[in-house]
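Accompanying notes for the structure given below.
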Amino acid sequence: MSVEKGARVRRRRRHHGTTPRTARLFGSLLLVMAAGAFTLGASPAPGTAAAPVPLDRVIPAPASVVPGGSPYRITEDTRIRVDGSREARRAGEYLADVLRPSTGYPLPVTEHGRSGIRLRLAGGPYGAEGYRLDSGRSGVTLTAAAPAGLFHGVQTLRQLLPAAVEKDSVQPGPWPVAGGTIEDTPRYGWRGAMLDVSRHFFSVDEVKRYIDQLALYKLNTLHLHLSDDQGWRIAIDSWPRLATYGGSSEVGGGPGGHYTKADYREIVRYAASRHLEVVPEIDMPGHTNAALASYADLNCDGVAPPLYTGTAVGFSSLCVGKEITYDFVDDVVREIAALTPGRYLHIGGDEAHSTPHDDFVRFMERVQPVVAKYGKTVIGWHQLAGANPAKGALAQYWGLDRTGGAEKELVAEAARNGTGLVLSPADRAYLDMKYDKDTPLGLSWAGYVEVRRSYDWDPGAYLPGVPASAVRGVEAPLWTETLSDSGQLEYMAFPRLPGIAELGWSPAATHDWEDYRVRLAAQGPRWDALGMDYHRSPQVPWS
Ligand code: TNX
């Protein structure tokens with residue numbers, strides 16, 4: 001992440017929030033108040049020198065928290081002790097990279113020594129992503145059965161340290177970790193975020209910055225919306241104009257851009273280093289103007305339309321009756337599958353308003369086997385439910401609370417027949433919806449979505465008639481018609497994204513808005529320390 005970008009993001013924040021001067025004044029007031037509280041014997045503010053962050057002040061809420069015993073204190077003598085495995089060492093190095101800049105301590109990652117922070121892979125009931133954290137006077141031990149579990153445990157440990165740990169310059173400390181035990185495993189295996197890199201293009205560094213933010217909240221899936229009417233963003237060797245021409249613009253007429261295959265591999269590698277699986281999406285048969293503009297042959301009338309820089313939807317369609325359409329799909333799917341170590345390939349299927357229904361069904365029946373042929377599993381937007389989803393396919397639900405019962409029933413029926421569901425209800429999980437009428441960015445077609453609304457629903461009981469086992473998880477899409485840089489992505493994603501992450505991770509029994517909003521407020525200073533923008537929602541008791 002370049003220094004320059006951090007600076008840019010920080011500057012912009014002033015337009016949304018408190019001015020730096022009032023923030024400083026307010027900050028000193030708080031310091032005075034905290035000192036006062038301390039001398040008066042009232043409880044000191046959590047995360048300050050005097051009191052460690054309470055063990056349960058974590059997002060997503062852990063499955064089980066048993067506080068107790070003495071805190072551990074990270075000092076200049078602390079070592080990060082790993083077992084002999086490469087994976088534990090990797091998690092240890094990652095933790096050291098987080099802690100060294102702000103603590104200023106050397107924090108060697110080593111297999112030797114006794115006390116300290118210990119990371120170990122061992123058996124135990126923690127599955128592919130769970131972990132156990134034990135904290136006491138002599139150290140903190142993270143135990144997991146698999147590397148992703150250790151990584152998620154590291155994210156928990158991070159949140160248990162004072163917010164200043166996230167700064168990139170040396171801070172005074174001290175660095176206490178509350179005593180006790182956390183045992184934690186996720187509710188769902190699919191905890192996703194989608195980024196639309198088509199409406200506006202985002203550089204590899206911008207995507208990496210977002211990946212780091214997703215990792216903070218234990219998300220494990222990055223869905224990249226790589227093609228749409230306004231831009232084709234991934235190099236395809238057999239159809240080169242898709243990227244060079246189809247990617248040469250964006251909403252508003254900016255220069256757009258695309259990922260080379262090396263760029264894309266770098267995103268996949270970086271995501272994997274944070275235990276996120278990348279799911280590439282090529283949206284078909286609608287949302288395809290950029291492809292149709294790049295190759296005249298793909299159009300039924302043989303005439304290429306111009307590039308499109310507006311924000312309308314539903315006007316484009318691949319030519320379902322032409323054989324070349326399926327040559328195109330085969331080539332694109334083959335090349336993208338070859339770049340993708342993950343299990344899934346997203347074929348879109350939403351808002352195909354210019355494709356007659358029979359054609360839509362015919363198209364999906366031909367395209368789904370192509371995905372299988374190249375070794376991937378199909379996921380599509382929930383319109384796929386109306387077109388014979390392939391065995392094992394997933395459908396991503398993006399309707400609203402008020403969406404018609406007929407459409408919901410179609411999705412429920414597919415779910416009862418074995419189609420897994422990923423839930424992204426637009427009036428809950430869409431990060432591009434405005435918070436309220438004054439939100440300067442975003443859209444409002446699904447209504448305003450304030451923080452409570454985005455958090456306060458249960459994925460397990462959301463769609464009537466759907467067996468709980470059909471729900472594979474949740475995903476928060478971030479569409480970018482109105483967003484063009486990292487600061488703007490952050491302003492829309494935070495503070496709603498952590499709520500969707502919690503719905504995906506935490507047991508339903510922990511769900512509680514009053515408790516959640518307090519934990520959420522504690523994240524604000526962390527985002528400040530990381531130089532991130534966010535919406536100062538009036539629903540959250542920011543300190
Ligand atoms: C609907 S949701 C779309 C996108 C837009 C989005 C804006 C879905 C599958 N399609 O094409 O970008 O609304 O909120």
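Lettering and numbering for the structure tokens are positional, with chains as A, B, ... in the shown order, residues counted from 1 in each chain, and ligands counted from 1 in the shown order.
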Quiz item: Which residues sit within 10 Å of ligand 1, counting only C-alpha atoms and all ligand atoms, listed as a ChimeraX atom specification?
Solution: /A:196,198-199,225,228-229,283,286-287,311-314,348-352,380-383,396-399,424-427,430-434,442-446,477-482
Exercise. Identify, with DSSP run on backbone atoms, the residues in range 207-413 of chain A assigned to helix (DSSP H, G or I), and express the list as a ChimeraX atom specification.
Key: /A:207-216,241-244,251-253,261-273,289-294,296-298,323-339,357-373,382-386,405-413
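Distances to Asp184 in chain A were evaluated for A:Ile234, A:Ala128, A:Ala164, A:Val268 using only C-alpha atoms, and the minimum falls at A:Ala128.
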Practice problem: Report the distance between CA of Pro101 in chain A and CA of Ala163 in chain A in Å, rounded to one decimal place. | Solution: 13.2 Å
Quiz item: Out of A:Phe328, A:Tyr105, A:Trp542, A:Tyr344, which residue has the shortest atom-to-atom distance to Leu224 in chain A when counting only C-alpha atoms?
Solution: A:Tyr344
Exercise. List every residue of range 148-371 of chain A that DSSP, applied to the backbone, labels as strand (DSSP E or B), and write the result as a ChimeraX atom specification.
Key: /A:175-177,180-184,190-196,221-225,227-228,231-232,234,259,277-284,344-348
Practice problem: Between A:Glu76, A:Glu166, A:Asp134, A:Asp83, single out the one closest to Arg526 in chain A, counting only C-alpha atoms. | Solution: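 Of the candidates, the smallest distance to Arg526 in chain A is held by A:Glu166.
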Quiz prompt | Neighbour list for Pro389 in chain A as number ranges by chain, cut-off 9 Å, only C-alpha atoms, skip fewer than 4 positions in-chain | solution = A: 364-365, 368, 378, 380, 384-385, 393-395, 414, 419
Generate a file of the selected residues that holds N, CA, C and O atoms, formatted as a tab-separated table (two decimals), in the first residue's frame.
```
chain	number	residue	atom	x	y	z
A	364	MET	N	-28.15	-20.85	-20.46
A	364	MET	CA	-27.63	-21.40	-19.20
A	364	MET	C	-27.42	-22.91	-19.30
A	364	MET	O	-26.50	-23.46	-18.71
A	365	GLU	N	-28.29	-23.58	-20.07
A	365	GLU	CA	-28.12	-25.03	-20.23
A	365	GLU	C	-26.87	-25.37	-21.01
A	365	GLU	O	-26.27	-26.42	-20.82
A	368	GLN	N	-23.47	-23.86	-18.47
A	368	GLN	CA	-23.09	-24.51	-17.21
A	368	GLN	C	-22.18	-25.73	-17.42
A	368	GLN	O	-21.19	-25.88	-16.69
A	378	VAL	N	-20.37	-24.03	-10.85
A	378	VAL	CA	-21.13	-22.84	-11.23
A	378	VAL	C	-21.70	-22.13	-10.01
A	378	VAL	O	-22.26	-22.76	-9.12
A	380	GLY	N	-24.24	-18.55	-9.87
A	380	GLY	CA	-24.86	-17.50	-10.67
A	380	GLY	C	-25.74	-16.66	-9.78
A	380	GLY	O	-26.09	-17.07	-8.66
A	384	LEU	N	-30.61	-17.69	-11.99
A	384	LEU	CA	-30.25	-19.04	-12.41
A	384	LEU	C	-31.27	-20.07	-11.91
A	384	LEU	O	-31.47	-21.12	-12.54
A	385	ALA	N	-31.91	-19.75	-10.79
A	385	ALA	CA	-32.90	-20.68	-10.23
A	385	ALA	C	-34.03	-20.97	-11.21
A	385	ALA	O	-34.64	-22.04	-11.18
A	393	ALA	N	-24.60	-26.57	-8.31
A	393	ALA	CA	-24.48	-25.12	-8.54
A	393	ALA	C	-24.99	-24.34	-7.32
A	393	ALA	O	-25.81	-24.82	-6.54
A	394	LEU	N	-24.49	-23.12	-7.18
A	394	LEU	CA	-24.96	-22.21	-6.14
A	394	LEU	C	-25.68	-21.04	-6.80
A	394	LEU	O	-25.34	-20.63	-7.90
A	395	ALA	N	-26.68	-20.51	-6.09
A	395	ALA	CA	-27.38	-19.32	-6.57
A	395	ALA	C	-27.20	-18.22	-5.53
A	395	ALA	O	-27.30	-18.47	-4.32
A	414	ALA	N	-35.60	-24.27	-5.87
A	414	ALA	CA	-34.26	-24.70	-6.30
A	414	ALA	C	-33.46	-25.17	-5.09
A	414	ALA	O	-32.76	-26.19	-5.14
A	419	THR	N	-29.89	-26.87	-4.81
A	419	THR	CA	-29.05	-25.71	-5.14
A	419	THR	C	-28.70	-24.97	-3.84
A	419	THR	O	-29.59	-24.60	-3.08
```
Practice problem: Fewer than 6 positions away in the same chain doesn't count, so skip those; otherwise give me all residues within 10 Å of Thr309 in chain A, counting only C-alpha atoms, as a ChimeraX atom specification. | Solution: /A:199-200,229-231,249-254,290,481
Practice problem: Considering only C-alpha atoms, state which residue in the set A:Ala293, A:Leu226, A:Val320, A:Leu400 is at the smallest distance from Leu345 in chain A. | Solution: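 The shortest atom-to-atom distance to Leu345 in chain A comes from A:Leu226.
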Name the residues in contact with Ile267 in chain A at a cut-off of 12 Å, using only C-alpha atoms, excluding same-chain residues fewer than 4 positions from it; report them as a short mmCIF file (atom, residue, chain, number, x, y, z; two decimals) with C-alpha atoms, in the first residue's frame.
```cif
data_model
loop_
_atom_site.label_atom_id
_atom_site.label_comp_id
_atom_site.auth_asym_id
_atom_site.auth_seq_id
_atom_site.Cartn_x
_atom_site.Cartn_y
_atom_site.Cartn_z
CA PHE A 202 -9.50 -0.65 -9.43
CA SER A 203 -5.75 -1.26 -9.52
CA VAL A 204 -4.09 -4.36 -8.09
CA ASP A 205 -2.93 -2.28 -5.10
CA GLU A 206 -6.45 -1.01 -4.46
CA VAL A 207 -7.78 -4.57 -4.55
CA LYS A 208 -5.03 -5.68 -2.14
CA ARG A 209 -5.96 -2.91 0.25
CA TYR A 210 -9.57 -4.13 0.21
CA ILE A 211 -8.42 -7.74 0.71
CA ASP A 212 -6.56 -6.69 3.86
CA LEU A 222 -13.43 -12.38 -2.74
CA HIS A 223 -15.86 -12.34 -5.65
CA LEU A 224 -14.56 -10.14 -8.47
CA ILE A 234 -9.30 -9.43 -17.55
CA TYR A 259 -5.71 -6.93 -15.31
CA THR A 260 -3.04 -8.78 -17.23
CA LYS A 261 -2.89 -12.45 -16.39
CA ALA A 262 0.12 -11.71 -14.19
CA ASP A 263 -1.88 -9.00 -12.36
CA ALA A 271 -5.86 -13.17 -1.44
CA ALA A 272 -4.64 -16.73 -0.69
CA SER A 273 -2.00 -15.33 1.65
CA ARG A 274 -4.95 -13.86 3.61
CA LEU A 276 -9.43 -15.70 0.80
CA GLU A 277 -10.54 -17.65 -2.27
CA VAL A 278 -11.10 -15.58 -5.40
CA VAL A 279 -14.32 -16.21 -7.33
CA PRO A 280 -14.14 -14.64 -10.81
CA LEU A 339 -5.99 -18.81 -13.74
CA THR A 340 -8.24 -19.79 -10.86
CA PRO A 341 -7.18 -22.23 -8.13
#
```
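Each of A:Ala291, A:Val474, A:Met284, A:Leu99 was checked against Ile347 in chain A using only C-alpha atoms; the smallest atom-to-atom distance is that of A:Met284.
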Quiz prompt | Shell around range 160-162 of chain A at 6 Å using only C-alpha atoms, local window under 2 positions removed, as a ChimeraX atom specification | solution = /A:47,53,157-158,164-165,177
Selection file, N, CA, C and O atoms, as a compact mmCIF listing (two decimals), in the first residue's frame:
```
# COMPACT_ATOMS: atom_id res chain seq x y z
N GLY A 47 -8.89 -0.84 26.32
CA GLY A 47 -7.92 -0.62 25.28
C GLY A 47 -6.93 0.47 25.63
O GLY A 47 -6.04 0.79 24.87
N VAL A 53 -8.49 -4.55 26.26
CA VAL A 53 -9.76 -4.72 25.56
C VAL A 53 -10.44 -5.98 26.12
O VAL A 53 -9.79 -7.02 26.21
N LEU A 157 -6.61 -11.82 17.89
CA LEU A 157 -5.58 -11.27 18.77
C LEU A 157 -5.35 -9.79 18.48
O LEU A 157 -5.20 -8.96 19.38
N ARG A 158 -5.34 -9.46 17.20
CA ARG A 158 -5.17 -8.07 16.78
C ARG A 158 -6.21 -7.16 17.41
O ARG A 158 -5.91 -6.07 17.90
N ALA A 164 -4.16 1.43 18.74
CA ALA A 164 -2.92 2.03 18.23
C ALA A 164 -1.97 0.99 17.65
O ALA A 164 -1.02 1.32 16.93
N VAL A 165 -2.25 -0.29 17.91
CA VAL A 165 -1.41 -1.34 17.34
C VAL A 165 -1.47 -1.32 15.81
O VAL A 165 -0.57 -1.81 15.13
N VAL A 177 -3.06 -8.02 26.62
CA VAL A 177 -4.10 -8.88 26.06
C VAL A 177 -4.85 -9.49 27.24
O VAL A 177 -4.24 -10.13 28.11
```
Self-check item: Within 9 Å of Pro108 in chain A using only C-alpha atoms, minus same-chain residues under 4 positions, as a list in words
Solution: Thr78, Arg79, Ile80, Arg81, Glu93 and Ala96 of chain A
Quiz prompt | Atom pair CA of Val333 in chain A / CA of Ala412 in chain A: separation (Å) | solution = 28.2 Å
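The closest residue to Gly92 in chain A, picked from A:Ala51, A:Ala390, A:Val422, A:Val154 and counting only C-alpha atoms, is A:Val154.
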